[in-house]
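Structure record follows, encoded as structure tokens.
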Amino acid sequence: MSLQVIPAVGEVLERVLDDTFPLWNDGLSRENYGKSWAAQQKTPWGATHLDRVALVDGPHVVSSAKRYDLSLRLDGRIRRVLGIGAVFTSQAHRGRGAARELIARLLETAVTEGQEFAMLFSEIPPAFYERLEFVPVPLTEWVIEVDQKRGGAPAMLVRSGDERDLPNIIEMSATRAAGARLALDRSEDFVRYAITKKRLQSGLAPAGMKTTEFLVVEEGHQAVAYLVATAQDGRWMIEEAGDRDPTGARLGAMLQVMLARYPSERLPEIRGWWPQSLVPPQLKVAARTPTQEVLMIRPLRDRMLPLPPLAAAEVVYWHSDYF
Ligand SMILES: CC(C)(COP(=O)(O)OP(=O)(O)OC[C@H]1O[C@@H](n2cnc3c(N)ncnc32)[C@H](O)[C@@H]1OP(=O)(O)O)[C@@H](O)C(=O)NCCC(=O)NCCS
């Protein structure tokens, strides 16, 4: 066997998309699954921070993965991080160390490119990645209940978010991240990519299956609170949110405004990977569970440097940041 890692483009990309489609289609048709990937790569962030690679043996595509070039704030320092996603080995080649080999080669390249850590989300029991020296980062998913304001929704101007809101949004993100030990360092381009990705997933899905809302509260021509939420099957996922007010009161009121539009017998279940430092007074936590997908991290160069254990309360990681 002579294995090689190559960029997954052209014919190789089509093979990779064919292989991974049944598992990760999220309700899209095969054609739209391809379109969604192409469109993500055309965003300013995607064009320079996201690609797919394949491990090939001659003409055979053995394994593939997505690579993300992430910026992470870890214990007060900004670190470049290799994000690995969608690791996949074609059925015929499983159980022979291909995925392990691909990951090992990606880690080697990351070191030469100056990345200092690698992160991934494990959808399988984490032992496989623990053998590759990754350690879990605790993330919590919340189910939240919103106190329905008596006498109608709060009188507050909530409008659709757009381009001009991005500077305020990254400011809110940075303030929230500054108090955490681990959080993504989110640029305008990154937030634009994250919102575009959600919109693509709803826009390319069958009509009515999934919706994405991006809303802001404005004061003095500035976004002072915002929220990105996706809805599917009567469930909302708060993808990301922020509030200039440290109590989060405007964000809570925003959720009250959104809920006021719903008939009370069909209220959605609301979930989020909510930072523990942001609990608007209008919210009650109904349940708190570890996220199903396990975030894992390992240092690349300084292998002797142990990563001090992190507690869930020290991490700010929105569902939008999931890759
Ligand atoms: C997971 C996957 C990438 C492994 O590829 P592979 O080339 O067979 O992996 P390797 O040969 O390097 O390693 C095999 C190890 O993977 C782990 N593994 C594979 N599938 C697993 C699963 N469903 N649950 C738990 N562990 C699994 C096992 O530890 C296995 O070790 P073993 O053979 O000693 O039991 C492959 O099974 C796959 O493509 N699965 C579908 C996509 C997927 O779930 N990807 C992971 C996303 S986090």
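Ordering of the structure tokens sets the chain letters (A, B, ...); residue numbers start at 1 within each chain; ligands are numbered from 1 in the order shown.
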
task: Can you tell me which residues come within 8 Å of ligand 1 when counting only C-alpha atoms and all ligand atoms, ideally as a PyMOL selection string?
output: chain A and resi 20+23+62-63+85-91+93-101+120-128

Report as a Markdown table the residues of region 12-74 of chain A within 8 Å of region 202-209 of chain A, each with its shortest atom pair and distance in Å (one decimal), using only C-alpha atoms, ordered by chain and increasing residue number.
| residue | atom | partner | partner_atom | distance |
| --- | --- | --- | --- | --- |
| A:Gly27 | CA | A:Ala205 | CA | 6.0 |
| A:Leu28 | CA | A:Ala205 | CA | 5.0 |
| A:Ser29 | CA | A:Ala205 | CA | 7.6 |
| A:Asn32 | CA | A:Leu204 | CA | 6.0 |
| A:Ser36 | CA | A:Leu204 | CA | 7.4 |

Now that the selection is made, can you save its residues with N, CA and C atoms as a compact mmCIF listing (two decimals), in the first residue's frame?
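Written output follows (part.txt):
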# COMPACT_ATOMS: atom_id res chain seq x y z
N GLY A 27 -30.74 15.83 6.12
CA GLY A 27 -32.01 16.03 5.42
C GLY A 27 -31.86 16.62 4.02
N LEU A 28 -30.63 16.88 3.57
CA LEU A 28 -30.43 17.45 2.23
C LEU A 28 -30.42 16.35 1.18
N SER A 29 -30.74 16.73 -0.07
CA SER A 29 -30.55 15.78 -1.17
C SER A 29 -29.04 15.68 -1.44
N ASN A 32 -27.84 18.87 -3.07
CA ASN A 32 -27.74 20.02 -2.17
C ASN A 32 -26.66 19.84 -1.10
N SER A 36 -24.06 22.72 -0.54
CA SER A 36 -23.82 23.31 0.77
C SER A 36 -22.31 23.38 1.05

Nearby residues (only C-alpha atoms) at most 12 Å from Gln41 (chain A), same-chain spacing under 2 positions excluded, as a PyMOL selection string: chain A and resi 9+34-39+43-52+66-68+193-194+196-197+200

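Taking CA of Ile144 (chain A) and CA of Leu70 (chain A) as the two end points, the separation is 29.0 Å.
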
Find the spatial neighbours of Val285 (chain A), counting only C-alpha atoms, within a cut-off of 12 Å - ignore same-chain residues fewer than 6 positions away - and output them as a compact mmCIF listing (two decimals) with N, CA, C and O atoms, in the first residue's frame.
# COMPACT_ATOMS: atom_id res chain seq x y z
N THR A 140 -21.73 21.45 28.04
CA THR A 140 -23.06 21.15 28.56
C THR A 140 -24.15 21.66 27.63
O THR A 140 -24.06 22.78 27.14
N GLU A 141 -25.13 20.82 27.40
CA GLU A 141 -26.32 21.27 26.66
C GLU A 141 -27.43 21.53 27.67
O GLU A 141 -27.68 20.71 28.54
N TRP A 142 -28.07 22.68 27.53
CA TRP A 142 -29.14 23.04 28.45
C TRP A 142 -30.48 22.94 27.74
O TRP A 142 -30.58 23.26 26.56
N VAL A 143 -31.48 22.55 28.49
CA VAL A 143 -32.86 22.76 28.05
C VAL A 143 -33.34 23.92 28.90
O VAL A 143 -33.21 23.88 30.14
N ILE A 144 -33.83 24.98 28.24
CA ILE A 144 -34.22 26.15 29.03
C ILE A 144 -35.72 26.42 28.92
O ILE A 144 -36.34 26.11 27.91
N GLU A 145 -36.23 26.98 29.98
CA GLU A 145 -37.62 27.42 29.97
C GLU A 145 -37.64 28.93 30.12
O GLU A 145 -36.85 29.48 30.89
N VAL A 146 -38.51 29.56 29.35
CA VAL A 146 -38.57 31.02 29.38
C VAL A 146 -39.83 31.42 30.13
O VAL A 146 -40.92 30.91 29.85
N ASP A 147 -39.66 32.30 31.08
CA ASP A 147 -40.79 32.81 31.84
C ASP A 147 -41.66 33.63 30.89
O ASP A 147 -41.25 34.68 30.42
N GLU A 269 -39.41 23.25 22.43
CA GLU A 269 -38.40 22.92 23.43
C GLU A 269 -37.15 23.70 23.04
O GLU A 269 -36.75 23.67 21.87
N ILE A 270 -36.57 24.41 23.98
CA ILE A 270 -35.42 25.28 23.64
C ILE A 270 -34.14 24.72 24.26
O ILE A 270 -34.07 24.49 25.47
N ARG A 271 -33.16 24.51 23.39
CA ARG A 271 -31.87 24.00 23.86
C ARG A 271 -30.75 24.95 23.48
O ARG A 271 -30.90 25.75 22.56
N GLY A 272 -29.63 24.84 24.14
CA GLY A 272 -28.47 25.65 23.79
C GLY A 272 -27.25 25.15 24.52
O GLY A 272 -27.37 24.50 25.55
N TRP A 273 -26.08 25.42 23.94
CA TRP A 273 -24.82 25.14 24.64
C TRP A 273 -24.48 26.46 25.33
O TRP A 273 -23.56 27.17 24.95
N TRP A 274 -25.27 26.75 26.33
CA TRP A 274 -25.32 28.08 26.92
C TRP A 274 -24.15 28.29 27.87
O TRP A 274 -23.92 27.43 28.72
N PRO A 275 -23.42 29.42 27.79
CA PRO A 275 -22.35 29.64 28.78
C PRO A 275 -22.94 29.85 30.17
O PRO A 275 -23.93 30.54 30.32
N GLN A 276 -22.32 29.24 31.15
CA GLN A 276 -22.88 29.33 32.51
C GLN A 276 -22.84 30.74 33.07
O GLN A 276 -23.54 31.06 34.03
N LEU A 278 -23.88 33.33 31.60
CA LEU A 278 -24.92 34.16 30.99
C LEU A 278 -26.30 33.53 31.21
O LEU A 278 -26.73 32.69 30.44
N VAL A 279 -26.91 33.89 32.32
CA VAL A 279 -28.25 33.35 32.56
C VAL A 279 -29.24 34.50 32.71
O VAL A 279 -29.36 35.08 33.78
